[in-house]
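Raw contents of model.txt, compact mmCIF, C-alpha atoms:
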```
# COMPACT_ATOMS: atom_id res chain seq x y z
CA MET A 1 0.00 0.00 0.00
CA ASP A 2 1.20 3.56 -0.74
CA SER A 3 2.13 5.60 2.32
CA TYR A 4 2.30 9.39 2.73
CA LEU A 5 4.35 11.37 5.21
CA ILE A 6 3.82 15.07 5.92
CA GLN A 7 6.55 16.75 7.92
CA VAL A 8 6.31 20.23 9.44
CA ASN A 9 9.67 21.98 9.47
CA GLY A 10 10.39 25.35 11.05
CA HIS A 11 12.98 27.08 13.10
CA GLY A 12 14.11 30.52 14.23
CA ASP A 13 11.96 33.40 12.87
CA HIS A 14 10.57 31.39 9.98
CA ALA A 15 7.02 30.09 10.02
CA PRO A 16 6.58 26.34 9.85
CA MET A 17 6.47 24.93 6.34
CA LEU A 18 4.95 21.75 5.01
CA ASP A 19 7.52 19.35 3.61
CA VAL A 20 5.63 16.76 1.62
CA HIS A 21 7.10 13.45 0.56
CA LEU A 22 5.18 10.83 -1.28
CA LYS A 23 6.36 7.32 -0.44
CA SER A 24 5.41 4.59 -2.80
CA THR A 25 7.09 1.18 -2.70
CA GLY A 26 10.07 2.73 -1.04
CA ASN A 27 10.68 5.51 -3.59
CA THR A 28 10.42 9.20 -2.63
CA ILE A 29 9.05 11.63 -5.25
CA SER A 30 9.63 15.33 -4.57
CA PRO A 31 7.13 17.88 -5.96
CA GLY A 32 8.40 19.82 -8.97
CA LYS A 33 10.81 17.07 -10.00
CA ALA A 34 8.70 15.06 -12.38
CA LYS A 35 10.69 12.90 -14.73
CA GLY A 36 11.83 14.65 -17.93
CA ARG A 37 10.80 18.18 -16.87
CA LYS A 38 13.25 20.86 -15.92
CA PRO A 39 11.32 23.61 -14.11
CA ARG A 40 11.67 27.10 -15.58
CA TRP A 41 9.56 30.22 -15.87
CA ALA A 42 7.87 30.52 -19.27
CA VAL A 43 4.84 32.80 -18.92
CA ARG A 44 3.60 34.10 -22.27
CA ALA A 45 0.58 36.07 -23.40
CA SER A 46 -2.11 33.98 -25.08
CA GLU A 47 -2.56 33.86 -28.83
CA MET A 48 -5.97 35.49 -28.41
CA SER A 49 -4.45 38.43 -26.58
CA LYS A 50 -1.80 38.79 -29.28
CA LYS A 51 -4.50 38.89 -31.95
CA THR A 52 -6.43 41.61 -30.09
CA PHE A 53 -5.72 44.93 -31.73
CA ASN A 54 -7.65 48.19 -31.40
CA PRO A 55 -6.76 50.47 -34.35
CA VAL A 56 -8.11 53.58 -32.62
CA ARG A 57 -5.89 53.11 -29.59
CA ALA A 58 -2.92 52.10 -31.75
CA ILE A 59 -3.18 55.24 -33.90
CA VAL A 60 -4.06 57.67 -31.12
CA ASP A 61 -1.39 56.33 -28.76
CA SER A 62 1.24 56.72 -31.48
CA MET A 63 0.34 60.39 -32.06
CA LYS A 64 3.18 61.89 -30.03
CA VAL A 65 2.08 65.51 -30.22
CA GLU A 66 1.60 68.22 -27.66
CA PRO A 67 -1.29 70.68 -27.99
CA ASN A 68 -0.62 74.37 -28.42
CA PRO A 69 -0.03 75.62 -24.84
CA LYS A 70 -1.55 78.99 -25.75
CA LYS A 71 -4.93 77.44 -26.60
CA ALA A 72 -7.20 75.35 -24.42
CA MET A 73 -7.62 71.80 -25.70
CA ILE A 74 -10.91 71.01 -27.44
CA SER A 75 -11.41 67.27 -27.87
CA LEU A 76 -13.86 66.26 -30.56
CA SER A 77 -12.64 62.68 -30.56
CA LEU A 78 -14.41 60.67 -27.86
CA GLY A 79 -17.89 59.26 -28.43
CA ASP A 80 -18.92 59.76 -24.80
CA PRO A 81 -21.85 62.19 -24.45
CA THR A 82 -21.21 62.71 -20.73
CA VAL A 83 -17.74 64.29 -20.93
CA PHE A 84 -18.67 67.97 -20.84
CA GLY A 85 -21.76 67.74 -18.63
CA ASN A 86 -24.02 69.48 -21.16
CA LEU A 87 -25.99 66.28 -21.85
CA PRO A 88 -27.01 64.80 -18.49
CA THR A 89 -29.36 61.86 -18.33
CA ASN A 90 -32.94 62.43 -17.20
CA ASP A 91 -33.83 62.66 -13.50
CA GLU A 92 -36.25 59.74 -13.91
CA VAL A 93 -33.37 57.55 -15.05
CA THR A 94 -31.23 58.27 -11.99
CA ARG A 95 -34.25 58.07 -9.69
CA ALA A 96 -35.03 54.58 -11.01
CA VAL A 97 -31.55 53.36 -10.08
CA LYS A 98 -31.73 55.00 -6.63
CA GLU A 99 -35.03 53.27 -5.91
CA VAL A 100 -33.64 49.89 -6.89
CA LEU A 101 -30.50 50.44 -4.83
CA ASP A 102 -32.55 51.43 -1.78
CA SER A 103 -34.80 48.40 -2.17
CA GLY A 104 -31.91 45.99 -1.56
CA GLN A 105 -33.58 43.46 -3.84
CA TYR A 106 -30.97 43.38 -6.62
CA ASN A 107 -27.69 42.75 -4.83
CA GLY A 108 -27.31 39.09 -5.71
CA TYR A 109 -26.56 37.06 -8.80
CA ALA A 110 -29.05 37.20 -11.64
CA PRO A 111 -29.53 34.55 -14.33
CA SER A 112 -26.70 34.90 -16.86
CA VAL A 113 -29.10 36.12 -19.57
CA GLY A 114 -30.74 38.60 -17.18
CA TYR A 115 -33.72 38.63 -14.86
CA GLN A 116 -36.87 37.35 -16.52
CA SER A 117 -38.84 40.48 -15.55
CA CYS A 118 -36.15 42.74 -17.02
CA ARG A 119 -36.04 40.77 -20.27
CA GLU A 120 -39.82 41.08 -20.41
CA ALA A 121 -39.50 44.86 -20.00
CA VAL A 122 -37.04 45.17 -22.90
CA ALA A 123 -39.12 42.86 -25.09
CA ALA A 124 -42.27 44.88 -24.39
CA TYR A 125 -40.49 48.16 -25.15
CA TYR A 126 -39.27 47.03 -28.58
CA ASN A 127 -42.14 44.70 -29.49
CA CYS A 128 -44.17 45.67 -32.55
CA PRO A 129 -46.42 43.78 -35.00
CA GLU A 130 -43.71 43.87 -37.71
CA ALA A 131 -41.08 42.40 -35.38
CA PRO A 132 -42.68 40.70 -32.35
CA LEU A 133 -40.55 40.02 -29.30
CA LYS A 134 -40.92 37.98 -26.12
CA ALA A 135 -38.68 37.68 -23.08
CA GLN A 136 -36.97 34.59 -24.49
CA ASP A 137 -35.86 36.73 -27.46
CA VAL A 138 -33.82 39.03 -25.20
CA ILE A 139 -30.31 38.47 -23.81
CA LEU A 140 -29.10 41.17 -21.41
CA THR A 141 -25.39 41.99 -21.67
CA SER A 142 -22.69 44.17 -20.15
CA GLY A 143 -23.06 47.03 -22.60
CA CYS A 144 -23.64 46.92 -26.34
CA SER A 145 -20.00 46.00 -26.90
CA GLN A 146 -20.52 42.69 -25.11
CA ALA A 147 -23.72 42.15 -27.07
CA ILE A 148 -21.69 42.46 -30.28
CA GLU A 149 -19.01 40.15 -28.89
CA LEU A 150 -21.54 37.43 -27.98
CA ALA A 151 -23.34 37.78 -31.31
CA LEU A 152 -20.09 37.39 -33.23
CA ALA A 153 -18.97 34.50 -31.06
CA VAL A 154 -22.19 32.56 -31.60
CA LEU A 155 -22.41 33.17 -35.37
CA ALA A 156 -18.82 32.70 -36.54
CA ASN A 157 -16.05 30.15 -36.12
CA PRO A 158 -12.31 30.70 -36.54
CA GLY A 159 -11.52 30.61 -40.25
CA GLN A 160 -14.89 32.02 -41.28
CA ASN A 161 -15.37 35.65 -42.31
CA ILE A 162 -17.74 38.49 -41.51
CA LEU A 163 -18.71 41.51 -43.61
CA VAL A 164 -17.96 44.84 -41.92
CA PRO A 165 -18.67 48.42 -43.07
CA ARG A 166 -15.87 50.75 -44.19
CA PRO A 167 -15.76 53.28 -42.58
CA GLY A 168 -16.99 51.47 -39.51
CA PHE A 169 -16.73 51.09 -35.74
CA SER A 170 -13.31 49.61 -35.01
CA LEU A 171 -14.53 47.19 -32.33
CA TYR A 172 -16.00 44.81 -34.93
CA LYS A 173 -12.55 44.11 -36.35
CA THR A 174 -10.89 44.06 -32.92
CA LEU A 175 -13.26 41.38 -31.65
CA ALA A 176 -13.30 39.31 -34.84
CA LEU A 177 -9.53 39.08 -35.27
CA SER A 178 -9.08 38.10 -31.63
CA MET A 179 -11.42 35.16 -32.30
CA GLY A 180 -9.59 34.11 -35.48
CA ILE A 181 -12.41 35.38 -37.71
CA GLU A 182 -11.49 37.07 -40.98
CA VAL A 183 -12.87 40.56 -41.66
CA LYS A 184 -14.01 41.61 -45.13
CA LEU A 185 -14.67 45.33 -45.49
CA TYR A 186 -17.53 46.53 -47.68
CA ASN A 187 -17.61 50.15 -48.83
CA LEU A 188 -19.95 52.92 -47.78
CA LEU A 189 -20.45 55.75 -50.28
CA PRO A 190 -19.99 59.32 -48.97
CA GLU A 191 -21.53 60.78 -52.12
CA LYS A 192 -24.72 58.85 -51.30
CA ALA A 193 -24.91 59.88 -47.64
CA TRP A 194 -22.90 56.79 -46.69
CA GLU A 195 -25.23 54.20 -48.21
CA ILE A 196 -23.75 50.73 -48.72
CA ASP A 197 -22.15 49.87 -52.05
CA LEU A 198 -24.46 46.88 -52.51
CA GLU A 199 -22.62 45.45 -55.50
CA HIS A 200 -19.35 45.50 -53.60
CA LEU A 201 -21.03 44.02 -50.53
CA GLU A 202 -22.48 41.08 -52.42
CA SER A 203 -19.20 40.40 -54.24
CA LEU A 204 -17.53 39.68 -50.89
CA VAL A 205 -19.87 36.85 -49.88
CA ASP A 206 -18.45 33.34 -50.10
CA GLU A 207 -19.05 29.92 -48.53
CA LYS A 208 -17.19 30.99 -45.37
CA THR A 209 -19.25 34.14 -44.72
CA ALA A 210 -20.86 33.84 -41.29
CA CYS A 211 -22.73 37.15 -41.01
CA LEU A 212 -23.20 40.67 -42.27
CA ILE A 213 -22.77 43.56 -39.81
CA VAL A 214 -25.06 46.55 -40.41
CA ASN A 215 -24.58 49.67 -38.27
CA ASN A 216 -27.55 52.03 -38.44
CA PRO A 217 -27.53 54.86 -37.39
CA SER A 218 -23.80 54.89 -38.00
CA ASN A 219 -20.68 55.47 -35.99
CA PRO A 220 -18.55 57.13 -37.39
CA CYS A 221 -20.69 58.53 -40.20
CA GLY A 222 -23.81 59.87 -38.48
CA SER A 223 -25.80 58.44 -41.38
CA VAL A 224 -29.28 56.90 -41.23
CA PHE A 225 -30.39 54.40 -43.87
CA SER A 226 -33.73 54.88 -45.60
CA LYS A 227 -36.38 52.18 -45.57
CA SER A 228 -35.77 51.42 -49.24
CA HIS A 229 -32.02 51.07 -48.73
CA LEU A 230 -32.52 48.73 -45.77
CA GLN A 231 -34.80 46.61 -47.95
CA GLU A 232 -32.02 46.42 -50.56
CA ILE A 233 -29.58 45.26 -47.88
CA LEU A 234 -32.05 42.62 -46.73
CA ALA A 235 -32.46 41.44 -50.32
CA VAL A 236 -28.72 40.75 -50.52
CA ALA A 237 -28.77 38.89 -47.19
CA SER A 238 -31.79 36.86 -48.30
CA ARG A 239 -30.28 35.91 -51.68
CA GLN A 240 -27.02 34.85 -50.09
CA CYS A 241 -28.58 33.26 -46.97
CA VAL A 242 -26.36 35.34 -44.67
CA PRO A 243 -27.70 36.33 -41.23
CA ILE A 244 -27.45 39.94 -40.08
CA LEU A 245 -25.85 41.28 -36.92
CA THR A 246 -27.18 44.81 -36.61
CA ASP A 247 -25.60 47.37 -34.31
CA GLU A 248 -28.49 49.68 -33.38
CA ILE A 249 -27.04 51.33 -30.28
CA TYR A 250 -27.98 54.70 -31.83
CA GLY A 251 -31.49 53.50 -32.68
CA ASP A 252 -34.05 56.33 -32.59
CA MET A 253 -31.25 58.91 -32.29
CA VAL A 254 -32.17 60.53 -35.59
CA PHE A 255 -32.90 64.13 -36.44
CA ALA A 256 -36.41 65.46 -36.98
CA ASP A 257 -36.24 65.39 -40.78
CA CYS A 258 -35.36 61.68 -40.80
CA LYS A 259 -36.99 58.40 -39.75
CA TYR A 260 -35.30 55.46 -38.08
CA GLU A 261 -36.39 52.01 -39.24
CA PRO A 262 -35.24 48.99 -37.20
CA ILE A 263 -34.09 46.58 -39.87
CA ALA A 264 -35.91 43.63 -38.28
CA THR A 265 -39.29 45.31 -38.94
CA LEU A 266 -38.67 45.06 -42.70
CA SER A 267 -38.03 41.34 -43.12
CA THR A 268 -39.74 38.09 -42.19
CA ASN A 269 -37.16 35.68 -43.61
CA VAL A 270 -33.69 37.03 -42.73
CA PRO A 271 -32.60 36.04 -39.18
CA ILE A 272 -31.25 39.04 -37.27
CA LEU A 273 -29.42 39.63 -34.00
CA SER A 274 -29.97 43.26 -33.03
CA CYS A 275 -27.54 44.77 -30.51
CA GLY A 276 -28.48 47.82 -28.46
CA GLY A 277 -28.41 49.29 -24.98
CA LEU A 278 -28.83 52.27 -22.69
CA ALA A 279 -25.48 53.94 -23.41
CA LYS A 280 -26.28 56.53 -26.04
CA ARG A 281 -30.00 57.27 -26.13
CA TRP A 282 -30.19 57.45 -22.32
CA LEU A 283 -26.72 59.05 -22.05
CA VAL A 284 -25.29 56.55 -19.52
CA PRO A 285 -22.48 54.65 -21.31
CA GLY A 286 -20.74 53.86 -18.02
CA TRP A 287 -23.70 51.89 -16.71
CA ARG A 288 -22.85 49.01 -19.06
CA MET A 289 -26.31 47.79 -19.91
CA GLY A 290 -26.89 46.27 -23.33
CA TRP A 291 -28.96 43.60 -25.00
CA ILE A 292 -29.34 41.28 -27.93
CA LEU A 293 -32.77 41.03 -29.56
CA ILE A 294 -33.28 37.78 -31.44
CA HIS A 295 -35.47 38.15 -34.55
CA ASP A 296 -36.02 34.73 -36.10
CA ARG A 297 -39.56 34.36 -37.40
CA ARG A 298 -38.66 31.49 -39.75
CA ASP A 299 -36.86 29.62 -36.94
CA ILE A 300 -33.59 29.62 -38.89
CA PHE A 301 -31.49 30.28 -35.79
CA GLY A 302 -33.61 27.84 -33.81
CA ASN A 303 -32.29 26.36 -30.59
CA GLU A 304 -28.78 26.27 -32.04
CA ILE A 305 -28.15 30.00 -31.77
CA ARG A 306 -30.36 30.56 -28.72
CA GLY A 307 -28.59 27.80 -26.84
CA GLY A 308 -25.22 29.13 -27.94
CA LEU A 309 -26.03 32.61 -26.65
CA LEU A 310 -27.16 31.14 -23.33
CA ARG A 311 -23.90 29.23 -22.93
CA LEU A 312 -21.77 32.23 -23.91
CA SER A 313 -23.64 34.49 -21.50
CA GLN A 314 -22.66 32.13 -18.67
CA ARG A 315 -19.04 33.20 -19.02
CA ILE A 316 -19.58 36.37 -16.98
CA LEU A 317 -22.93 35.66 -15.27
CA GLY A 318 -24.81 38.63 -16.68
CA PRO A 319 -24.67 42.43 -16.47
CA CYS A 320 -25.08 44.75 -13.48
CA THR A 321 -28.12 43.70 -11.47
CA ILE A 322 -28.81 47.19 -10.10
CA VAL A 323 -29.27 48.63 -13.60
CA GLN A 324 -31.25 45.55 -14.61
CA GLY A 325 -33.66 46.19 -11.77
CA ALA A 326 -34.12 49.78 -12.94
CA LEU A 327 -34.67 48.89 -16.60
CA GLU A 328 -38.47 48.79 -16.63
CA ARG A 329 -38.69 52.14 -14.85
CA ILE A 330 -36.06 53.69 -17.14
CA LEU A 331 -37.82 52.51 -20.28
CA HIS A 332 -41.29 53.61 -19.22
CA ARG A 333 -40.71 56.67 -17.03
CA THR A 334 -38.25 58.60 -19.20
CA PRO A 335 -40.32 61.48 -20.63
CA PRO A 336 -40.44 61.98 -24.42
CA GLU A 337 -39.20 65.55 -24.08
CA PHE A 338 -35.87 64.22 -22.77
CA TYR A 339 -35.20 62.41 -26.06
CA HIS A 340 -36.47 65.41 -28.01
CA ASN A 341 -34.21 67.86 -26.17
CA THR A 342 -31.14 65.68 -26.64
CA LEU A 343 -31.77 65.39 -30.36
CA SER A 344 -32.44 69.12 -30.67
CA ILE A 345 -29.01 69.86 -29.21
CA LEU A 346 -27.30 67.31 -31.45
CA LYS A 347 -29.11 68.57 -34.54
CA SER A 348 -28.22 72.19 -33.77
CA ASN A 349 -24.56 71.26 -33.25
CA ALA A 350 -24.54 69.17 -36.42
CA ASP A 351 -25.98 72.05 -38.46
CA LEU A 352 -23.51 74.57 -37.00
CA CYS A 353 -20.56 72.26 -37.59
CA TYR A 354 -21.62 71.28 -41.10
CA ALA A 355 -22.20 74.89 -42.17
CA ALA A 356 -18.90 76.12 -40.71
CA LEU A 357 -16.79 73.32 -42.18
CA SER A 358 -18.51 73.50 -45.57
CA ALA A 359 -17.25 77.08 -45.90
CA ILE A 360 -13.60 76.05 -45.45
CA PRO A 361 -11.63 75.47 -48.68
CA GLY A 362 -10.17 71.98 -48.77
CA LEU A 363 -12.78 70.34 -46.53
CA GLN A 364 -15.92 68.48 -47.57
CA PRO A 365 -18.14 67.48 -44.64
CA VAL A 366 -20.91 64.93 -45.19
CA ARG A 367 -24.16 66.06 -43.57
CA PRO A 368 -25.20 63.68 -40.77
CA ALA A 369 -28.78 62.56 -40.13
CA GLY A 370 -28.42 61.14 -36.63
CA ALA A 371 -26.15 59.59 -33.97
CA MET A 372 -23.40 61.85 -32.60
CA TYR A 373 -20.87 62.21 -35.40
CA LEU A 374 -19.94 63.96 -38.60
CA MET A 375 -17.34 62.85 -41.15
CA VAL A 376 -15.22 65.37 -43.05
CA GLU A 377 -13.21 64.70 -46.20
CA ILE A 378 -9.79 66.32 -46.46
CA GLU A 379 -8.94 67.24 -50.05
CA MET A 380 -5.36 66.10 -49.56
CA GLU A 381 -4.21 67.52 -52.90
CA HIS A 382 -4.71 70.96 -51.37
CA PHE A 383 -2.66 70.11 -48.28
CA PRO A 384 0.43 68.58 -49.91
CA GLU A 385 2.67 69.05 -46.88
CA PHE A 386 0.67 66.33 -45.09
CA GLU A 387 1.06 62.71 -46.12
CA ASN A 388 -2.33 61.61 -44.82
CA ASP A 389 -5.20 62.27 -42.41
CA VAL A 390 -3.12 61.18 -39.41
CA GLU A 391 -0.49 63.85 -40.09
CA PHE A 392 -3.23 66.41 -40.77
CA THR A 393 -4.95 65.77 -37.43
CA GLU A 394 -1.63 65.64 -35.55
CA ARG A 395 -0.73 69.11 -36.76
CA LEU A 396 -4.25 70.32 -35.97
CA ILE A 397 -3.60 69.31 -32.36
CA SER A 398 -0.13 70.84 -32.14
CA GLU A 399 -1.11 74.14 -33.76
CA GLN A 400 -4.75 74.65 -32.75
CA SER A 401 -5.32 72.26 -29.80
CA VAL A 402 -8.29 70.67 -31.58
CA PHE A 403 -8.41 66.88 -31.51
CA CYS A 404 -10.43 65.08 -34.20
CA LEU A 405 -10.02 61.37 -34.91
CA PRO A 406 -8.30 60.59 -38.22
CA ALA A 407 -10.59 58.28 -40.18
CA THR A 408 -7.72 55.86 -40.72
CA CYS A 409 -9.00 54.61 -37.35
CA PHE A 410 -12.13 53.52 -39.24
CA GLU A 411 -10.28 52.08 -42.26
CA TYR A 412 -11.12 55.20 -44.30
CA PRO A 413 -8.11 57.44 -44.90
CA ASN A 414 -8.19 61.16 -45.75
CA PHE A 415 -11.26 61.91 -43.64
CA PHE A 416 -11.62 62.85 -39.99
CA ARG A 417 -14.49 62.37 -37.53
CA VAL A 418 -16.01 65.11 -35.39
CA VAL A 419 -18.04 64.35 -32.25
CA ILE A 420 -20.99 66.77 -31.97
CA THR A 421 -21.93 66.26 -28.31
CA VAL A 422 -19.76 69.12 -27.02
CA PRO A 423 -21.26 72.45 -25.94
CA GLU A 424 -22.23 74.84 -28.74
CA GLU A 425 -19.56 77.41 -27.90
CA MET A 426 -16.91 74.70 -28.16
CA ILE A 427 -18.21 73.61 -31.56
CA LEU A 428 -17.99 77.20 -32.83
CA GLU A 429 -14.52 77.74 -31.37
CA ALA A 430 -13.25 74.43 -32.75
CA CYS A 431 -14.58 75.18 -36.24
CA SER A 432 -12.99 78.64 -36.12
CA ARG A 433 -9.62 77.10 -35.25
CA ILE A 434 -9.99 74.44 -37.97
CA GLN A 435 -10.66 77.24 -40.45
CA GLU A 436 -7.55 79.11 -39.31
CA PHE A 437 -5.50 75.93 -39.63
CA CYS A 438 -6.76 75.15 -43.13
CA GLU A 439 -6.22 78.71 -44.35
CA MET A 440 -2.65 78.49 -43.09
CA HIS A 441 -1.88 75.27 -44.96
CA TYR A 442 -4.22 75.28 -47.95
CA GLN A 443 -2.60 75.29 -51.38
CA GLY A 444 -4.49 75.95 -54.60
CA ALA A 445 -3.89 73.72 -57.58
CA GLU A 446 -0.82 75.69 -58.75
CA GLY A 447 0.64 76.06 -55.26
CA ALA A 448 0.22 72.37 -54.58
CA GLN A 449 2.00 71.43 -57.82
CA ASP A 450 4.88 73.78 -56.99
CA LEU A 451 5.21 72.24 -53.54
CA GLU A 452 5.24 68.74 -55.00
CA CYS A 453 8.03 69.73 -57.38
CA ASP A 454 10.09 71.08 -54.45
CA LYS A 455 9.93 67.81 -52.56
```
Would you write the structure of this file as structure tokens?
Amino acid sequence: MDSYLIQVNGHGDHAPMLDVHLKSTGNTISPGKAKGRKPRWAVRASEMSKKTFNPVRAIVDSMKVEPNPKKAMISLSLGDPTVFGNLPTNDEVTRAVKEVLDSGQYNGYAPSVGYQSCREAVAAYYNCPEAPLKAQDVILTSGCSQAIELALAVLANPGQNILVPRPGFSLYKTLALSMGIEVKLYNLLPEKAWEIDLEHLESLVDEKTACLIVNNPSNPCGSVFSKSHLQEILAVASRQCVPILTDEIYGDMVFADCKYEPIATLSTNVPILSCGGLAKRWLVPGWRMGWILIHDRRDIFGNEIRGGLLRLSQRILGPCTIVQGALERILHRTPPEFYHNTLSILKSNADLCYAALSAIPGLQPVRPAGAMYLMVEIEMEHFPEFENDVEFTERLISEQSVFCLPATCFEYPNFFRVVITVPEEMILEACSRIQEFCEMHYQGAEGAQDLECDK
């Protein structure tokens, strides 16, 4: 029979230590001295971590520039509506969370997909005859970003590919590449208010295509697709039998002269995972409350995808329970005028910014219709001293202390993105500085040619 001896050794100021020897048929085996293994430290980052790459952070972190010390910094780069305090959430939203916190009823673990009552609240809020929803069609997540991550993880395997808009939100590519999923970029057309180049989109589909990502309203473009264009997108998905992952975090954040159409309301045969959340419309991105809405009226996803989402959700055991508990009150108590006022501010800022930048030689802004952004083309031939949009925006920081994101971050060079959530006076000041910068560096056709010859 095997015997085991545990000795406790200790002397002087040292605490006793366990000295374990395993005795088996007379032989002593010391821990850490297994046959054929020489112990050594070899801690390495995982392959998944090495494949994780955020182009926005990579580009921004490499921009080693200092702002002009004589001018206060104006940052038009971060898509966080809370930064400047001019867009607070509604009192009913914060009151709902306070009530839940005081109740003490939501301090424990919730089901990984969310409390049943909270899923029912989200389903009821988005339910409509064209796209019916029940609680079982809702997965609650830690922000919309996790909703996108789960949706990608359940739809695509390593070696498959997904179709992603260009320009588009960088997180899609970051998540996909970390999972070993190939990214194929389809073009958006600035001359058509950023509609999808449908012919290019369809040409990218092959037997390994797992899903099509549609972002509407758009980050970074601020565009909103028309009903007819959404129907054209659905026609491609239907012909090619490709499911849609739609990022609708800016859903309903459209200006008064435009109408938002949830894509799931326009199709009965294309299966759709719609990702959304509280972050933008309710102006609380830090609360990390998102959801996936499963639209599958032909039962194409079936139990396969639903079961997969359930299993994936069990990796982190669901989102914040306090915010979950407040969801029903947030959805039903927030007054309509809150949404209206937010959009009025965004629309006013968008109009001011578009008008001011349109008057600057060398810039071509594309008028937004919703969300929180505006994209501006740089006519690089008129700014020959700059190699690209990254250099242009770097110099804008160093000379004018205005920070706009170069659209290389969104796979779309020679544009930059402006965030329109800042206070009006900051928008006007920033546009004035951008005008001064462009006037300083602009070259007409002849001047640009002369500069090229000097290089």
Nearby residues (all atoms listed in the file) at most 10 Å from A:Glu337, same-chain spacing under 5 positions excluded, as a list in words |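 Listing them by chain and then by number gives Asn90, Thr342 and Leu343 of chain A.
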A:Val183, A:Glu149, A:Thr334, A:Pro165 ranked by distance to A:His200, top pick (using only C-alpha atoms) |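 The closest residue to A:His200 is A:Pro165.
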Distance criterion (all atoms listed in the file): nearest to A:Trp291 out of A:Pro190, A:Met440, A:Ser274, A:Ile360 =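 Residue with the minimum atom-to-atom distance to A:Trp291: A:Ser274.
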Give me the residues of stretch 111-226 of chain A that have any atom at most 9 Å from an atom of stretch 405-427 of chain A; for each, the nearest atom pair and the distance in Å, rounded to one decimal. Use all atoms listed in the file, sort by chain and number, and format it as CSV.
```
residue,atom,partner,partner_atom,distance
A:Arg166,CA,A:Glu411,CA,6.1
A:Pro167,CA,A:Phe410,CA,4.9
A:Gly168,CA,A:Phe410,CA,5.3
A:Phe169,CA,A:Phe410,CA,6.3
A:Ser170,CA,A:Phe410,CA,5.9
A:Leu185,CA,A:Glu411,CA,8.7
A:Pro220,CA,A:Arg417,CA,6.6
A:Cys221,CA,A:Arg417,CA,7.8
```
Can you tell me which residues surround A:Leu101 at a distance of at most 10 Å, considering only C-alpha atoms, apart from same-chain residues fewer than 2 positions away, and format the answer as a short mmCIF file (atom, residue, chain, number, x, y, z; two decimals) with C-alpha atoms, in the frame of the given file?
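Contents of the output file result.cif:
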```cif
data_model
loop_
_atom_site.label_atom_id
_atom_site.label_comp_id
_atom_site.auth_asym_id
_atom_site.auth_seq_id
_atom_site.Cartn_x
_atom_site.Cartn_y
_atom_site.Cartn_z
CA ARG A 95 -34.25 58.07 -9.69
CA ALA A 96 -35.03 54.58 -11.01
CA VAL A 97 -31.55 53.36 -10.08
CA LYS A 98 -31.73 55.00 -6.63
CA GLU A 99 -35.03 53.27 -5.91
CA SER A 103 -34.80 48.40 -2.17
CA GLY A 104 -31.91 45.99 -1.56
CA GLN A 105 -33.58 43.46 -3.84
CA TYR A 106 -30.97 43.38 -6.62
CA ASN A 107 -27.69 42.75 -4.83
CA THR A 321 -28.12 43.70 -11.47
CA ILE A 322 -28.81 47.19 -10.10
CA VAL A 323 -29.27 48.63 -13.60
CA GLY A 325 -33.66 46.19 -11.77
CA ALA A 326 -34.12 49.78 -12.94
#
```
Nearest candidate to A:Met289 (options A:Leu87, A:Leu428, A:Cys353, A:Cys144; using all atoms listed in the file) = A:Cys144
Identify the residues within 12 Å of coordinate (-38.2, 61.6, -38.6) (same frame as the file), considering all atoms listed in the file, and give the answer as a PyMOL selection string.
-> chain A and resi 224-227+252-261+340+343+369-370
Excluding A:Lys208 and residues on its chain fewer than 3 positions from it, collect all residues at most 12 Å away from it, counting all atoms listed in the file, and give them as a ChimeraX atom specification.
-> /A:155-163,181-184,204-205,211-212,240-242
Selection export as a PDB file, keeping the file's coordinate frame, atoms kept: C-alpha atoms:
```pdb
ATOM      1  CA  LEU A 155     -22.410  33.170 -35.370  1.00  0.00           C
ATOM      2  CA  ALA A 156     -18.820  32.700 -36.540  1.00  0.00           C
ATOM      3  CA  ASN A 157     -16.050  30.150 -36.120  1.00  0.00           C
ATOM      4  CA  PRO A 158     -12.310  30.700 -36.540  1.00  0.00           C
ATOM      5  CA  GLY A 159     -11.520  30.610 -40.250  1.00  0.00           C
ATOM      6  CA  GLN A 160     -14.890  32.020 -41.280  1.00  0.00           C
ATOM      7  CA  ASN A 161     -15.370  35.650 -42.310  1.00  0.00           C
ATOM      8  CA  ILE A 162     -17.740  38.490 -41.510  1.00  0.00           C
ATOM      9  CA  LEU A 163     -18.710  41.510 -43.610  1.00  0.00           C
ATOM     10  CA  ILE A 181     -12.410  35.380 -37.710  1.00  0.00           C
ATOM     11  CA  GLU A 182     -11.490  37.070 -40.980  1.00  0.00           C
ATOM     12  CA  VAL A 183     -12.870  40.560 -41.660  1.00  0.00           C
ATOM     13  CA  LYS A 184     -14.010  41.610 -45.130  1.00  0.00           C
ATOM     14  CA  LEU A 204     -17.530  39.680 -50.890  1.00  0.00           C
ATOM     15  CA  VAL A 205     -19.870  36.850 -49.880  1.00  0.00           C
ATOM     16  CA  CYS A 211     -22.730  37.150 -41.010  1.00  0.00           C
ATOM     17  CA  LEU A 212     -23.200  40.670 -42.270  1.00  0.00           C
ATOM     18  CA  GLN A 240     -27.020  34.850 -50.090  1.00  0.00           C
ATOM     19  CA  CYS A 241     -28.580  33.260 -46.970  1.00  0.00           C
ATOM     20  CA  VAL A 242     -26.360  35.340 -44.670  1.00  0.00           C
TER      21      VAL A 242
END
```
Name the closest residue to A:Phe437 among the candidates A:Cys404, A:Ala235, A:Leu171, A:Leu396; distances are taken between atoms, counting all atoms listed in the file.
->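 Nearest candidate to A:Phe437 out of A:Cys404, A:Ala235, A:Leu171, A:Leu396: A:Leu396.
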Could you tell me how far atom CA of A:Thr268 lies from atom CA of A:Phe301, in Å and to one decimal?
-> 13.0 Å
